[in-house]
Amino acid sequence: MQRRDFFRLSLGACAVVLGSNAFGLTREPLDNQRVIDIAFPQKRPLITYSDRPPLLETPMEFFGSAITPNDAFFVRWHMPRIPTHKFIDQYRLSIHGAVKNHTYLSIQELKSEFKAVEVTAVLQCGGNSRSAFVPTTSGIQWGNGAMGCAKFKGVRLMDVLKRAGLDKDARWIGLNGDDKAAFHKTENFKRELAISEINDDVIIAYEMNGEELPFLNGYPIRLIVPGMYSDSWVKMLSNISVTKEYQELFYMDKAYRIADNECECETPDNLAKKTKPITTMNIKSVIAYPKNGSSIKVDANVIAKGVAFDSGHGIKEVLISVDDGESWKSAELGSELSPYAFREFRFAFRAKSRGVLTIMAKAINNLGQEQPKPSEIKWNRSGYKYNGIDSISLEVV
Amino acid sequence: MKKTILILLFLASILLGDYEKDVKLPSVTFPMAQDEDFKAIQRNCQWCHSHGYILNQGKQSKAFWRASVVKMRDVYKAPITQQDEQIITDYLFRHYGK
């Protein structure tokens, strides 16, 4: 039996056990899981799923502001071996392959010999909110906090490639960081980008929110690809290989892919045969405040706050409902830091009566795309791209 | 004397230049159910990831756990023997099954 067949069979069996869940459902993602009392370097204590490799989630309270503080910014590594000691003066970014000159650039050279540019952008894991999918899909069961927004400073990737001198027929670049797998046979975390896709907003960043890039967010340099999920944002970037042909890499061809059909969906017992990379982010918003499950006083003036974003078309409107989706009103939007950034929203309301009150937020972008209801989101095997309307429940006392 | 100063300067430059980059990652305990088969988890899973990865999945079916173990072996190339595949799957379902 082929492995793939086995996997399909086992998922099928899983579906039988789960009964009605066999068709693949979604629910509200898990919210505000436990923050542990151990802080990682340069981080405050965060929701911690693993120490090796480090997996840290940002608690919801930080999504009331457009900029996520560095010490609260989520962390996701794939490989267990992350070099923890660096002679920064000896660190080099190597650019080789289909280029005129095999080029090595030090961090100092990147900072002093190239034009510095800044981009404020959302960094979000493709599996953010994965805990919404039922039956459980393979991967970390993130709540809504595998994301953040920061002002990144660095140099344009294209400027660096030009320095090495691209060959005429160069079409692709492969990117690799310094983290390593435990076994030689395990594929390292390499990514590929088509050179035609690299615009001026794609940068190699050495600063985040005005500080040196934090170690756990990819020190000393990482790739920034605004609008795309973070699987493309290679951390601890050390190697760029330029090629004429697309290389078949595990983390391009096997992981971070979704059903290649209109709904990007499938069922556990009928997996899509064709898949495509997850690439650009869909429209999403989350409510940071009040905290889900908290209490408010009847007739008190309360301000709900949160952030909305998409892949760079820009947020047009955020609608709020305080009556289970019966009626919607526009929230007040904060200024647009960049089309790729979190857009703050706030909405003042008074609860008229005691009991349970549900608040929902729905973002709409400049293309008119809006967030679907959680129940409208169809299942996919890896739990990617969840973007359902966020809702919180409050007890009015 | 001169040599000593040079050595001291060299040591100081190492400390000043790289002290902040020598990062110590904390280790966090993710307590797992203890029985005689826990050894199979220790000898196979920890090479690549903490127990946190396992606990994070929640309670799952036997098929789910088996598929996870098989994925670790076939996709991520963890050298899990057929005997250990069975022991690990049984252990996971026994303690984290539904």
# chains A, B, ... in the order shown; residues from 1 in each chain; ligands from 1
>>> closest_atom_pairs(of="chain B", to="chain A", cutoff="7 Å", atoms="only C-alpha atoms", output="JSON lines")
{"residue": "B:Asp18", "atom": "CA", "partner": "A:Phe87", "partner_atom": "CA", "distance": 6.2}
{"residue": "B:Lys21", "atom": "CA", "partner": "A:Lys86", "partner_atom": "CA", "distance": 5.8}
{"residue": "B:Asp22", "atom": "CA", "partner": "A:His85", "partner_atom": "CA", "distance": 4.4}
{"residue": "B:Val23", "atom": "CA", "partner": "A:Thr84", "partner_atom": "CA", "distance": 5.0}
{"residue": "B:Lys24", "atom": "CA", "partner": "A:Thr84", "partner_atom": "CA", "distance": 6.9}
{"residue": "B:Leu25", "atom": "CA", "partner": "A:Phe40", "partner_atom": "CA", "distance": 6.3}
{"residue": "B:Pro26", "atom": "CA", "partner": "A:Phe40", "partner_atom": "CA", "distance": 6.3}
{"residue": "B:Ser27", "atom": "CA", "partner": "A:Asp51", "partner_atom": "CA", "distance": 6.0}
{"residue": "B:Val28", "atom": "CA", "partner": "A:Asp51", "partner_atom": "CA", "distance": 5.9}
{"residue": "B:Trp47", "atom": "CA", "partner": "A:Ala182", "partner_atom": "CA", "distance": 6.2}
{"residue": "B:Cys48", "atom": "CA", "partner": "A:Pro80", "partner_atom": "CA", "distance": 5.5}
{"residue": "B:His49", "atom": "CA", "partner": "A:Arg52", "partner_atom": "CA", "distance": 5.5}
{"residue": "B:Ser50", "atom": "CA", "partner": "A:Arg52", "partner_atom": "CA", "distance": 5.4}
{"residue": "B:Gly52", "atom": "CA", "partner": "A:Ser50", "partner_atom": "CA", "distance": 4.7}
{"residue": "B:Tyr53", "atom": "CA", "partner": "A:Ser50", "partner_atom": "CA", "distance": 6.2}
{"residue": "B:Asn56", "atom": "CA", "partner": "A:Gln141", "partner_atom": "CA", "distance": 6.3}
{"residue": "B:Gln57", "atom": "CA", "partner": "A:Gln141", "partner_atom": "CA", "distance": 6.5}
{"residue": "B:Ser61", "atom": "CA", "partner": "A:Cys14", "partner_atom": "CA", "distance": 6.2}
{"residue": "B:Ala63", "atom": "CA", "partner": "A:Ser10", "partner_atom": "CA", "distance": 5.1}
{"residue": "B:Phe64", "atom": "CA", "partner": "A:Cys14", "partner_atom": "CA", "distance": 6.4}
{"residue": "B:Ala67", "atom": "CA", "partner": "A:Phe7", "partner_atom": "CA", "distance": 6.0}
{"residue": "B:Tyr76", "atom": "CA", "partner": "A:Thr186", "partner_atom": "CA", "distance": 5.2}
{"residue": "B:Lys77", "atom": "CA", "partner": "A:Thr186", "partner_atom": "CA", "distance": 5.5}
>>> write_last_selection(atoms="N, CA and C atoms", output="short mmCIF file (atom, residue, chain, number, x, y, z; two decimals), in the first residue's frame")
data_model
loop_
_atom_site.label_atom_id
_atom_site.label_comp_id
_atom_site.auth_asym_id
_atom_site.auth_seq_id
_atom_site.Cartn_x
_atom_site.Cartn_y
_atom_site.Cartn_z
N ASP B 18 30.11 39.77 21.07
CA ASP B 18 29.23 38.64 20.85
C ASP B 18 28.41 38.24 22.06
N LYS B 21 24.77 37.99 21.54
CA LYS B 21 24.30 37.05 20.51
C LYS B 21 24.35 35.61 20.98
N ASP B 22 24.95 35.42 22.15
CA ASP B 22 25.00 34.06 22.67
C ASP B 22 23.70 33.81 23.42
N VAL B 23 22.78 33.23 22.72
CA VAL B 23 21.42 33.12 23.24
C VAL B 23 21.22 31.78 23.94
N LYS B 24 20.61 31.84 25.09
CA LYS B 24 20.28 30.58 25.79
C LYS B 24 18.77 30.39 25.76
N LEU B 25 18.34 29.37 25.07
CA LEU B 25 16.91 29.10 25.01
C LEU B 25 16.49 28.29 26.23
N PRO B 26 15.42 28.68 26.87
CA PRO B 26 14.99 27.94 28.07
C PRO B 26 14.45 26.57 27.70
N SER B 27 14.47 25.67 28.65
CA SER B 27 13.79 24.41 28.37
C SER B 27 12.51 24.37 29.21
N VAL B 28 11.45 23.95 28.57
CA VAL B 28 10.13 23.95 29.19
C VAL B 28 9.70 22.49 29.31
N TRP B 47 14.24 13.80 19.07
CA TRP B 47 15.31 14.25 18.17
C TRP B 47 14.89 15.55 17.49
N CYS B 48 13.66 15.59 17.07
CA CYS B 48 13.21 16.72 16.24
C CYS B 48 12.31 17.71 16.97
N HIS B 49 11.53 17.23 17.96
CA HIS B 49 10.60 18.17 18.59
C HIS B 49 10.30 17.79 20.04
N SER B 50 9.86 18.78 20.79
CA SER B 50 9.50 18.61 22.20
C SER B 50 8.19 17.82 22.33
N GLY B 52 5.74 18.97 23.63
CA GLY B 52 4.68 19.97 23.45
C GLY B 52 3.93 19.75 22.15
N TYR B 53 4.65 19.32 21.10
CA TYR B 53 4.01 19.06 19.81
C TYR B 53 2.92 17.99 19.94
N ASN B 56 -0.09 19.25 22.18
CA ASN B 56 -0.85 20.28 21.47
C ASN B 56 -1.94 19.69 20.55
N GLN B 57 -1.79 18.43 20.16
CA GLN B 57 -2.76 17.83 19.24
C GLN B 57 -4.08 17.49 19.93
N SER B 61 -7.98 10.06 17.64
CA SER B 61 -8.25 8.64 17.35
C SER B 61 -6.94 7.89 17.14
N ALA B 63 -6.24 6.12 14.59
CA ALA B 63 -5.83 6.33 13.19
C ALA B 63 -5.06 7.65 13.04
N PHE B 64 -5.51 8.66 13.77
CA PHE B 64 -4.82 9.96 13.73
C PHE B 64 -3.39 9.80 14.23
N ALA B 67 -1.23 7.80 11.83
CA ALA B 67 -0.88 8.61 10.67
C ALA B 67 0.23 9.61 11.02
N TYR B 76 9.29 13.02 7.27
CA TYR B 76 10.39 13.74 7.92
C TYR B 76 11.60 12.85 8.21
N LYS B 77 11.53 11.58 7.80
CA LYS B 77 12.68 10.66 7.82
C LYS B 77 13.19 10.32 9.22
#
>>> residues_around(residues="Leu157 of chain A", least_positions_apart="5", cutoff="7 Å", atoms="only C-alpha atoms", output="JSON, numbers by chain")
{"A": [202, 203, 204]}
>>> write_last_selection(atoms="N, CA and C atoms", output="CSV table (one decimal), in the first residue's frame")
chain,number,residue,atom,x,y,z
A,202,VAL,N,9.5,43.6,-1.3
A,202,VAL,CA,10.2,42.4,-0.8
A,202,VAL,C,11.6,42.8,-0.3
A,203,ILE,N,11.8,42.7,1.0
A,203,ILE,CA,13.1,43.2,1.5
A,203,ILE,C,13.7,42.1,2.4
A,204,ILE,N,15.0,42.3,2.6
A,204,ILE,CA,15.8,41.5,3.6
A,204,ILE,C,15.9,42.4,4.8
>>> select_by_dssp(residues="segment 88-271 of chain A", states="strand (DSSP E)", output="PyMOL selection string")
chain A and resi 92-97+103-106+116-124+133-134+147-156+172-177+190-194+203-208+211-212+222-224+237-243+257-259
>>> closest_residue(among="A:Gly143, A:Gly126, A:Pro290, A:Gly312", to="Lys385 of chain A", atoms="only C-alpha atoms")
A:Gly126
>>> closest_residue(among="A:Ser335, A:Thr279, A:Thr26, A:Thr267", to="Tyr229 of chain A", atoms="only C-alpha atoms")
A:Thr279
>>> residues_around(residues="Trp65 of chain B", least_positions_apart="2", cutoff="9 Å", atoms="only C-alpha atoms", output="list in words")
Gln60, Ser61, Lys62, Ala63, Ala67, Ser68, Val69, Val70, Ile88, Thr89, Asp90, Leu92, Phe93, Tyr96 and Gly97 of chain B
>>> write_last_selection(atoms="C-alpha atoms", output="JSON list (two decimals), in the first residue's frame")
[["chain", "number", "residue", "atom", "x", "y", "z"],
["B", 60, "GLN", "CA", -7.24, 11.90, 18.98],
["B", 61, "SER", "CA", -8.25, 8.64, 17.35],
["B", 62, "LYS", "CA", -5.84, 5.74, 16.96],
["B", 63, "ALA", "CA", -5.83, 6.33, 13.19],
["B", 67, "ALA", "CA", -0.88, 8.61, 10.67],
["B", 68, "SER", "CA", 1.21, 11.11, 12.66],
["B", 69, "VAL", "CA", 3.86, 8.51, 13.51],
["B", 70, "VAL", "CA", 3.98, 7.28, 9.91],
["B", 88, "ILE", "CA", 4.30, 4.68, 20.03],
["B", 89, "THR", "CA", 0.87, 4.52, 18.40],
["B", 90, "ASP", "CA", -0.47, 2.36, 21.24],
["B", 92, "LEU", "CA", -0.38, 7.78, 22.29],
["B", 93, "PHE", "CA", -3.83, 6.26, 21.92],
["B", 96, "TYR", "CA", -4.22, 10.69, 24.45],
["B", 97, "GLY", "CA", -6.94, 8.76, 22.66]]
>>> atom_distance(atom1="atom CA of Trp379 of chain A", atom2="atom CA of Val356 of chain A")
29.0 Å
>>> decode(residues="segment 228-240 of chain A", atoms="C-alpha atoms", output="short mmCIF file (atom, residue, chain, number, x, y, z; two decimals), in the first residue's frame")
data_model
loop_
_atom_site.label_atom_id
_atom_site.label_comp_id
_atom_site.auth_asym_id
_atom_site.auth_seq_id
_atom_site.Cartn_x
_atom_site.Cartn_y
_atom_site.Cartn_z
CA MET A 228 2.21 36.43 1.64
CA TYR A 229 1.94 33.92 4.48
CA SER A 230 5.05 33.64 6.62
CA ASP A 231 6.27 30.33 5.16
CA SER A 232 7.98 32.54 2.54
CA TRP A 233 9.59 34.83 5.13
CA VAL A 234 12.79 32.82 5.63
CA LYS A 235 14.47 33.48 9.00
CA MET A 236 18.22 33.68 9.71
CA LEU A 237 18.63 34.00 5.94
CA SER A 238 22.09 32.90 4.85
CA ASN A 239 21.79 31.45 1.40
CA ILE A 240 20.20 32.52 -1.90
#
